[in-house]
>>> print(open('coords_19.txt').read())   # compact mmCIF, C-alpha atoms
# COMPACT_ATOMS: atom_id res chain seq x y z
CA MET J 1 91.14 78.91 141.45
CA ARG J 2 90.66 76.50 138.54
CA ARG J 3 86.85 76.83 138.71
CA TYR J 4 87.14 80.26 137.08
CA ASN J 5 86.93 80.34 133.29
CA ILE J 6 87.68 83.03 130.73
CA PHE J 7 84.40 84.81 131.49
CA TYR J 8 85.63 85.45 135.03
CA PHE J 9 88.67 87.30 133.68
CA ILE J 10 86.54 89.27 131.20
CA LYS J 11 84.15 90.26 133.98
CA GLU J 12 87.05 91.41 136.17
CA ALA J 13 88.47 93.42 133.27
CA PHE J 14 85.16 95.23 132.72
CA LEU J 15 84.75 95.90 136.44
CA SER J 16 88.24 97.38 136.54
CA MET J 17 87.47 99.60 133.56
CA VAL J 18 84.31 100.88 135.26
CA ARG J 19 86.18 101.58 138.52
CA ASN J 20 88.73 103.67 136.62
CA GLY J 21 86.26 105.19 134.18
CA VAL J 22 88.07 108.50 133.59
CA MET J 23 91.42 106.88 132.75
CA THR J 24 89.69 104.21 130.68
CA PHE J 25 87.95 106.92 128.67
CA ALA J 26 91.26 108.79 128.25
CA SER J 27 92.99 105.61 127.05
CA ILE J 28 90.29 104.93 124.48
CA ALA J 29 90.22 108.56 123.31
CA VAL J 30 93.99 108.83 122.79
CA LEU J 31 94.30 105.41 121.16
CA LEU J 32 91.31 106.28 118.98
CA SER J 33 93.07 109.48 117.90
CA LEU J 34 96.21 107.50 117.08
CA LEU J 35 94.26 105.10 114.88
CA VAL J 36 92.25 107.77 113.05
CA VAL J 37 95.27 110.01 112.36
CA THR J 38 97.49 107.07 111.42
CA GLY J 39 94.79 105.59 109.21
CA GLY J 40 94.19 108.94 107.55
CA PHE J 41 97.85 109.40 106.70
CA ALA J 42 98.11 105.80 105.48
CA LEU J 43 95.11 106.26 103.17
CA LEU J 44 96.58 109.53 101.91
CA VAL J 45 99.86 107.79 101.03
CA VAL J 46 97.97 104.95 99.30
CA ASN J 47 96.00 107.39 97.16
CA ILE J 48 99.12 109.41 96.31
CA ASP J 49 100.68 106.18 95.06
CA LYS J 50 97.57 105.47 93.02
CA ASN J 51 97.76 108.87 91.33
CA LEU J 52 101.51 108.59 90.82
CA GLU J 53 100.86 105.48 88.77
CA SER J 54 98.71 107.50 86.40
CA ILE J 55 100.98 110.58 86.34
CA GLY J 56 104.57 109.71 87.11
CA VAL J 57 104.95 106.07 86.28
CA MET J 58 103.44 106.58 82.80
CA LYS J 59 106.66 108.37 81.86
CA GLN J 60 104.93 110.47 79.26
CA ILE J 61 105.60 113.65 77.34
CA VAL J 62 102.67 115.19 75.48
CA VAL J 63 103.55 117.05 72.28
CA PHE J 64 101.14 119.48 70.59
CA CYS J 65 101.39 120.31 66.90
CA ASP J 66 100.65 123.67 65.32
CA ARG J 67 96.91 124.00 64.65
CA SER J 68 97.62 125.08 61.07
CA ALA J 69 99.88 122.07 60.40
CA SER J 70 98.77 119.98 57.43
CA GLU J 71 98.41 116.20 57.56
CA GLU J 72 101.69 115.92 55.70
CA LYS J 73 103.40 118.14 58.28
CA VAL J 74 102.00 116.11 61.19
CA ASN J 75 103.28 112.91 59.58
CA GLU J 76 106.68 114.55 59.15
CA ILE J 77 106.74 115.39 62.85
CA TYR J 78 105.89 111.78 63.64
CA GLU J 79 108.78 110.48 61.53
CA LYS J 80 111.19 112.76 63.39
CA LEU J 81 109.86 111.77 66.80
CA ILE J 82 110.30 108.04 66.30
CA LYS J 83 113.97 108.56 65.42
CA LEU J 84 114.78 110.12 68.80
CA ASP J 85 116.56 108.18 71.54
CA ASN J 86 114.94 107.20 74.86
CA ILE J 87 111.63 106.30 73.20
CA GLU J 88 109.87 103.09 74.27
CA LYS J 89 110.26 100.18 71.83
CA ASP J 90 108.99 96.61 71.72
CA GLU J 91 111.20 93.51 71.85
CA ASN J 92 111.68 93.67 68.08
CA GLY J 93 113.00 97.22 68.19
CA ASN J 94 109.83 98.80 66.78
CA VAL J 95 108.87 102.17 68.29
CA THR J 96 105.71 101.87 70.42
CA GLY J 97 106.17 104.98 72.52
CA VAL J 98 104.82 107.55 70.03
CA VAL J 99 101.03 107.57 69.75
CA ARG J 100 99.13 110.16 67.75
CA VAL J 101 95.86 111.63 69.06
CA THR J 102 94.00 113.70 66.46
CA LYS J 103 92.00 116.80 67.26
CA ALA J 104 88.79 114.87 66.65
CA GLU J 105 89.87 112.04 68.95
CA ALA J 106 90.87 114.48 71.71
CA LEU J 107 87.49 116.22 71.44
CA GLN J 108 85.66 112.89 71.61
CA GLN J 109 87.61 111.95 74.75
CA MET J 110 86.61 115.23 76.41
CA LYS J 111 82.95 114.69 75.50
CA GLU J 112 83.04 111.19 76.97
CA GLN J 113 84.67 112.42 80.18
CA SER J 114 82.22 115.32 80.62
CA PRO J 115 78.90 114.46 78.92
CA GLY J 116 76.98 117.51 77.83
CA THR J 117 79.76 120.01 78.56
CA TYR J 118 81.26 120.22 75.06
CA ASP J 119 78.21 119.44 72.92
CA ASP J 120 78.44 122.81 71.19
CA VAL J 121 82.02 122.10 70.04
CA THR J 122 82.18 120.52 66.57
CA ASP J 123 84.96 119.48 64.23
CA GLU J 124 84.64 122.83 62.48
CA ASN J 125 85.25 124.95 65.63
CA ASN J 126 87.46 122.42 67.43
CA PRO J 127 90.11 124.45 69.35
CA LEU J 128 92.27 121.45 70.23
CA TYR J 129 95.60 120.37 68.77
CA ASP J 130 96.82 117.26 67.04
CA GLU J 131 99.08 115.71 69.66
CA PHE J 132 101.56 112.90 70.23
CA ASP J 133 101.77 111.01 73.51
CA ILE J 134 105.41 109.98 73.90
CA THR J 135 106.40 107.27 76.38
CA TYR J 136 110.06 107.43 77.34
CA VAL J 137 112.32 104.87 79.03
CA ASP J 138 114.97 106.60 81.15
CA ASN J 139 114.04 109.38 83.58
CA ALA J 140 117.64 110.59 83.68
CA LYS J 141 117.56 111.45 79.96
CA VAL J 142 114.18 113.19 79.89
CA SER J 143 115.65 116.70 79.81
CA GLU J 144 117.69 115.85 76.73
CA LEU J 145 114.67 114.26 75.04
CA ASP J 146 112.52 117.27 75.93
CA TYR J 147 115.09 119.61 74.33
CA GLN J 148 115.28 117.53 71.14
CA ILE J 149 111.50 117.51 70.81
CA ARG J 150 111.26 121.28 71.15
CA GLN J 151 113.70 121.72 68.22
CA ILE J 152 111.32 119.99 65.79
CA ASP J 153 109.56 122.46 63.49
CA GLY J 154 105.76 122.41 63.80
CA ILE J 155 105.64 121.64 67.53
CA VAL J 156 104.16 124.50 69.54
CA LYS J 157 103.89 123.05 73.03
CA VAL J 158 105.50 120.27 75.09
CA ASN J 159 104.11 119.04 78.42
CA ASN J 160 106.70 117.13 80.42
CA ARG J 161 105.06 115.28 83.32
CA LEU J 162 108.30 114.36 85.06
CA GLU J 163 108.40 117.62 87.01
CA LEU J 164 104.83 117.11 88.20
CA ALA J 165 105.50 113.51 89.18
CA THR J 166 108.65 114.58 91.04
CA SER J 167 106.69 117.22 92.96
CA ILE J 168 104.07 114.66 93.93
CA GLU J 169 106.79 112.21 94.96
CA ASN J 170 108.35 114.90 97.16
CA MET J 171 104.95 115.61 98.70
CA LYS J 172 104.54 111.91 99.38
CA SER J 173 107.91 111.83 101.14
CA GLY J 174 106.91 114.80 103.29
CA VAL J 175 103.62 113.14 104.18
CA MET J 176 105.49 109.96 105.15
CA VAL J 177 107.80 111.90 107.51
CA ILE J 178 104.81 113.56 109.20
CA PHE J 179 103.01 110.22 109.26
CA VAL J 180 105.90 108.48 111.05
CA TRP J 181 106.26 111.26 113.63
CA PHE J 182 102.54 111.27 114.39
CA LEU J 183 102.64 107.50 114.71
CA VAL J 184 105.54 107.60 117.15
CA VAL J 185 104.23 110.47 119.28
CA LEU J 186 100.64 109.27 119.51
CA GLY J 187 101.81 105.67 119.99
CA VAL J 188 103.96 106.65 122.96
CA VAL J 189 101.16 108.76 124.45
CA SER J 190 98.63 105.94 123.97
CA VAL J 191 100.87 103.36 125.64
CA PHE J 192 101.66 105.79 128.48
CA ILE J 193 97.99 106.43 129.24
CA ILE J 194 97.12 102.73 129.04
CA ILE J 195 100.02 102.03 131.43
CA ASN J 196 98.60 104.52 133.91
CA THR J 197 95.10 103.09 133.51
CA ILE J 198 96.39 99.60 134.33
CA LYS J 199 98.45 101.04 137.19
CA LEU J 200 95.26 102.43 138.75
CA SER J 201 93.58 99.08 138.29
CA VAL J 202 96.48 97.28 139.97
CA PHE J 203 96.53 99.82 142.81
CA SER J 204 92.79 99.59 143.43
CA ARG J 205 93.04 95.80 143.67
CA ARG J 206 96.31 95.67 145.57
CA ASN J 207 94.76 94.01 148.65
CA GLU J 208 92.99 91.41 146.54
CA ILE J 209 96.21 90.72 144.62
CA SER J 210 98.13 90.26 147.87
CA ILE J 211 95.56 87.73 149.10
CA MET J 212 95.72 85.83 145.80
CA ARG J 213 99.51 85.66 146.10
CA TYR J 214 99.26 84.22 149.61
CA VAL J 215 96.87 81.47 148.52
CA GLY J 216 99.16 80.53 145.63
CA ALA J 217 97.60 82.21 142.60
CA THR J 218 99.91 82.17 139.59
CA GLY J 219 101.21 85.28 137.91
CA THR J 220 99.14 84.43 134.84
CA PHE J 221 95.94 84.23 136.88
CA ILE J 222 96.63 87.62 138.46
CA SER J 223 97.78 89.30 135.23
CA LEU J 224 95.18 88.04 132.78
CA PRO J 225 92.33 90.43 133.76
CA PHE J 226 94.66 93.41 133.26
CA ILE J 227 95.85 92.14 129.88
CA ILE J 228 92.24 91.56 128.82
CA GLU J 229 91.48 95.11 129.96
CA GLY J 230 94.20 96.41 127.61
CA ILE J 231 92.81 94.24 124.79
CA ILE J 232 89.28 95.59 125.36
CA ILE J 233 90.57 99.18 125.31
CA GLY J 234 92.35 98.45 122.02
CA LEU J 235 89.31 96.67 120.59
CA VAL J 236 86.84 99.42 121.48
CA SER J 237 89.21 102.09 120.11
CA SER J 238 89.68 100.10 116.89
CA VAL J 239 85.98 99.62 116.19
CA ILE J 240 85.05 103.24 116.90
CA GLY J 241 88.09 104.46 114.95
CA TYR J 242 87.15 102.30 111.96
CA PHE J 243 83.66 103.80 111.69
CA ILE J 244 85.00 107.35 112.10
CA GLU J 245 87.61 106.69 109.38
CA MET J 246 84.97 105.19 107.10
CA TYR J 247 82.67 108.21 107.50
CA VAL J 248 85.44 110.80 107.02
CA TYR J 249 86.99 108.95 104.05
CA SER J 250 83.61 108.53 102.35
CA TYR J 251 82.86 112.23 102.84
CA VAL J 252 86.25 113.27 101.42
CA THR J 253 85.83 110.85 98.50
CA LYS J 254 82.46 112.37 97.56
CA MET J 255 83.90 115.88 97.81
CA VAL J 256 86.91 114.99 95.62
CA ASP J 257 84.72 113.23 93.03
CA SER J 258 82.41 116.22 92.75
CA GLU J 259 85.12 118.89 92.66
CA ILE J 260 88.25 117.47 91.01
CA GLY J 261 87.30 113.90 90.14
CA GLN J 262 88.60 114.32 86.59
CA ILE J 263 92.09 115.14 87.89
CA ILE J 264 92.49 112.99 91.01
CA SER J 265 91.24 109.45 91.51
CA VAL J 266 90.50 107.99 94.95
CA TYR J 267 90.20 104.36 96.00
CA PRO J 268 86.58 103.48 96.89
CA PHE J 269 86.40 102.62 100.60
CA ASP J 270 84.81 99.25 99.79
CA ASP J 271 88.05 98.23 98.05
CA ILE J 272 90.20 98.87 101.12
CA LYS J 273 87.82 98.51 104.08
CA LEU J 274 89.16 95.10 105.15
CA TYR J 275 92.75 96.41 105.19
CA VAL J 276 91.64 99.38 107.30
CA LEU J 277 89.60 97.20 109.69
CA PHE J 278 92.29 94.59 110.30
CA GLY J 279 94.97 97.28 110.48
CA PHE J 280 93.02 99.13 113.16
CA LEU J 281 92.32 95.94 115.10
CA GLY J 282 95.96 94.88 114.94
CA VAL J 283 97.41 98.23 116.03
CA GLY J 284 94.75 98.80 118.71
CA ILE J 285 94.98 95.39 120.35
CA VAL J 286 98.78 95.22 120.22
CA THR J 287 99.05 98.71 121.72
CA GLY J 288 96.66 97.74 124.51
CA ILE J 289 98.61 94.57 125.28
CA ILE J 290 101.95 96.42 125.28
CA GLY J 291 100.61 99.01 127.73
CA SER J 292 99.24 96.30 130.02
CA VAL J 293 102.39 94.17 129.97
CA ILE J 294 104.68 97.13 130.70
CA SER J 295 102.50 98.21 133.63
CA LEU J 296 102.26 94.70 135.06
CA GLY J 297 105.97 94.16 134.70
CA ARG J 298 106.60 97.13 136.96
CA TYR J 299 103.96 96.65 139.61
CA LEU J 300 103.23 92.96 140.06
CA LYS J 301 106.87 92.27 140.88
CA GLN J 302 106.75 94.53 143.89
>>> encode(input="coords_19.txt", output="structure tokens")
Amino acid sequence: MRRYNIFYFIKEAFLSMVRNGVMTFASIAVLLSLLVVTGGFALLVVNIDKNLESIGVMKQIVVFCDRSASEEKVNEIYEKLIKLDNIEKDENGNVTGVVRVTKAEALQQMKEQSPGTYDDVTDENNPLYDEFDITYVDNAKVSELDYQIRQIDGIVKVNNRLELATSIENMKSGVMVIFVWFLVVLGVVSVFIIINTIKLSVFSRRNEISIMRYVGATGTFISLPFIIEGIIIGLVSSVIGYFIEMYVYSYVTKMVDSEIGQIISVYPFDDIKLYVLFGFLGVGIVTGIIGSVISLGRYLKQ
């Protein structure tokens, strides 16, 4: 038996997969579905986190002043804002969490974000407000801070992003629950089908296995082709799943960028492709090995 090398086991694994073509195809298809769905949910969670960093973690309240407010009035509003509690300060106690954005600056930002869209808007017909971007410290005290800000004369609108961030966080939690359930259900189904694929392989070679036992073949020698078969199923599923995920993610990214790119940001696939690839390979191969080992543990002991 020692004359056989690793290529012998690989050849036997491929022959077994061909003999049980329907079950092999089913194993690859289900495991492929597991990887694509799991990868899709994982990428969704990653991008939700990315957008939470720009929405929720900023801990900002945006305050808009009355359009008719004079420069003196706007400065008065500023002096009142910096005296409020729960405003970000530096290590020396100086307030850093109140930043003024003038109407002209806000218009310039919009023109830079959407070139050509607001070219007809000038300082004379600028419809925007002077605003203050307020960075707070404690989420638990935001409601109180929001109330205090609204009592200041000259402020016409207050945008509190905490509620939006909380809604997104709740959506993320819901996605995670669905993600875990899909992972569990599809994982169990994938392992079950791989187990049955290996069972068919063991059954079809039962006479050959019996002969190998009689001539003293070790359990490792008998089991290795089936384990390699599980690894190949996992490997093929991983590679195909990776390219499907790449295509779908790239398509969705282009659609998001063209439709709502100014509101939602998405990680470029090039930045995360190695994580996706190695994640797919790891999950696919481990699932294939688990299915093979469970099947062999039941049938080769008989």
>>> residues_around(input="coords_19.txt", residues="Leu107 (chain J)", least_positions_apart="5", cutoff="9 Å", atoms="all atoms listed in the file", output="list in words")
Thr102, Glu112, Tyr118, Val121, Thr122, Asp123, Asn126, Pro127 and Leu128 of chain J
>>> closest_residue(input="coords_19.txt", among="J:Leu235, J:Val46, J:Ala29, J:Leu84", to="Ile152 (chain J)", atoms="only C-alpha atoms")
J:Leu84
>>> residues_around(input="coords_19.txt", residues="Pro225 (chain J)", least_positions_apart="4", cutoff="9 Å", atoms="all atoms listed in the file", output="PDB file with C-alpha atoms, in the frame of the given file")
ATOM      1  CA  TYR J   8      85.630  85.450 135.030  1.00  0.00           C
ATOM      2  CA  PHE J   9      88.670  87.300 133.680  1.00  0.00           C
ATOM      3  CA  ILE J  10      86.540  89.270 131.200  1.00  0.00           C
ATOM      4  CA  LYS J  11      84.150  90.260 133.980  1.00  0.00           C
ATOM      5  CA  GLU J  12      87.050  91.410 136.170  1.00  0.00           C
ATOM      6  CA  ALA J  13      88.470  93.420 133.270  1.00  0.00           C
ATOM      7  CA  PHE J  14      85.160  95.230 132.720  1.00  0.00           C
ATOM      8  CA  SER J  16      88.240  97.380 136.540  1.00  0.00           C
ATOM      9  CA  PHE J 221      95.940  84.230 136.880  1.00  0.00           C
ATOM     10  CA  GLU J 229      91.480  95.110 129.960  1.00  0.00           C
ATOM     11  CA  GLY J 230      94.200  96.410 127.610  1.00  0.00           C
TER      12      GLY J 230
END
>>> residues_around(input="coords_19.txt", residues="Val252 (chain J)", least_positions_apart="4", cutoff="12 Å", atoms="all atoms listed in the file", output="number ranges by chain")
J: 40, 43-44, 245-248, 256-261, 265-269
>>> closest_residue(input="coords_19.txt", among="J:Ile285, J:Thr117, J:Leu277, J:Lys172", to="Gly241 (chain J)", atoms="only C-alpha atoms")
J:Leu277
>>> closest_residue(input="coords_19.txt", among="J:Phe41, J:Gly21, J:Leu81, J:Glu131", to="Arg67 (chain J)", atoms="all atoms listed in the file")
J:Glu131
>>> closest_atom_pairs(input="coords_19.txt", of="region 10-49 of chain J", to="region 186-201 of chain J", cutoff="10 Å", atoms="all atoms listed in the file", output="Markdown table")
| residue | atom | partner | partner_atom | distance |
| --- | --- | --- | --- | --- |
| J:Ala13 | CA | J:Ser201 | CA | 9.1 |
| J:Leu15 | CA | J:Ser201 | CA | 9.6 |
| J:Ser16 | CA | J:Ser201 | CA | 5.9 |
| J:Met17 | CA | J:Ser201 | CA | 7.7 |
| J:Val18 | CA | J:Ser201 | CA | 9.9 |
| J:Arg19 | CA | J:Ser201 | CA | 7.8 |
| J:Asn20 | CA | J:Ser201 | CA | 6.9 |
| J:Gly21 | CA | J:Thr197 | CA | 9.1 |
| J:Val22 | CA | J:Thr197 | CA | 8.9 |
| J:Met23 | CA | J:Thr197 | CA | 5.3 |
| J:Thr24 | CA | J:Thr197 | CA | 6.2 |
| J:Phe25 | CA | J:Thr197 | CA | 9.4 |
| J:Ala26 | CA | J:Ile193 | CA | 7.2 |
| J:Ser27 | CA | J:Ile194 | CA | 5.4 |
| J:Ile28 | CA | J:Ser190 | CA | 8.4 |
| J:Ala29 | CA | J:Ser190 | CA | 8.8 |
| J:Val30 | CA | J:Ser190 | CA | 5.6 |
| J:Leu31 | CA | J:Ser190 | CA | 5.2 |
| J:Leu32 | CA | J:Ser190 | CA | 8.9 |
| J:Ser33 | CA | J:Leu186 | CA | 7.7 |
| J:Leu34 | CA | J:Leu186 | CA | 5.4 |
| J:Leu35 | CA | J:Leu186 | CA | 8.9 |
| J:Val37 | CA | J:Leu186 | CA | 9.0 |
| J:Thr38 | CA | J:Leu186 | CA | 9.0 |
>>> closest_residue(input="coords_19.txt", among="J:Glu71, J:Asp85, J:Asp49, J:Glu105", to="Ile134 (chain J)", atoms="all atoms listed in the file")
J:Asp85
>>> closest_residue(input="coords_19.txt", among="J:Val293, J:Leu281, J:Val180, J:Tyr129", to="Ser70 (chain J)", atoms="all atoms listed in the file")
J:Tyr129
>>> axis_aligned_box(input="coords_19.txt", around="region 266-283 of chain J", padding_each_side="5 Å", output="lines of an AutoDock Vina configuration file")
center_x = 91.1
center_y = 101.3
center_z = 105.5
size_x = 22.6
size_y = 23.4
size_z = 31.1
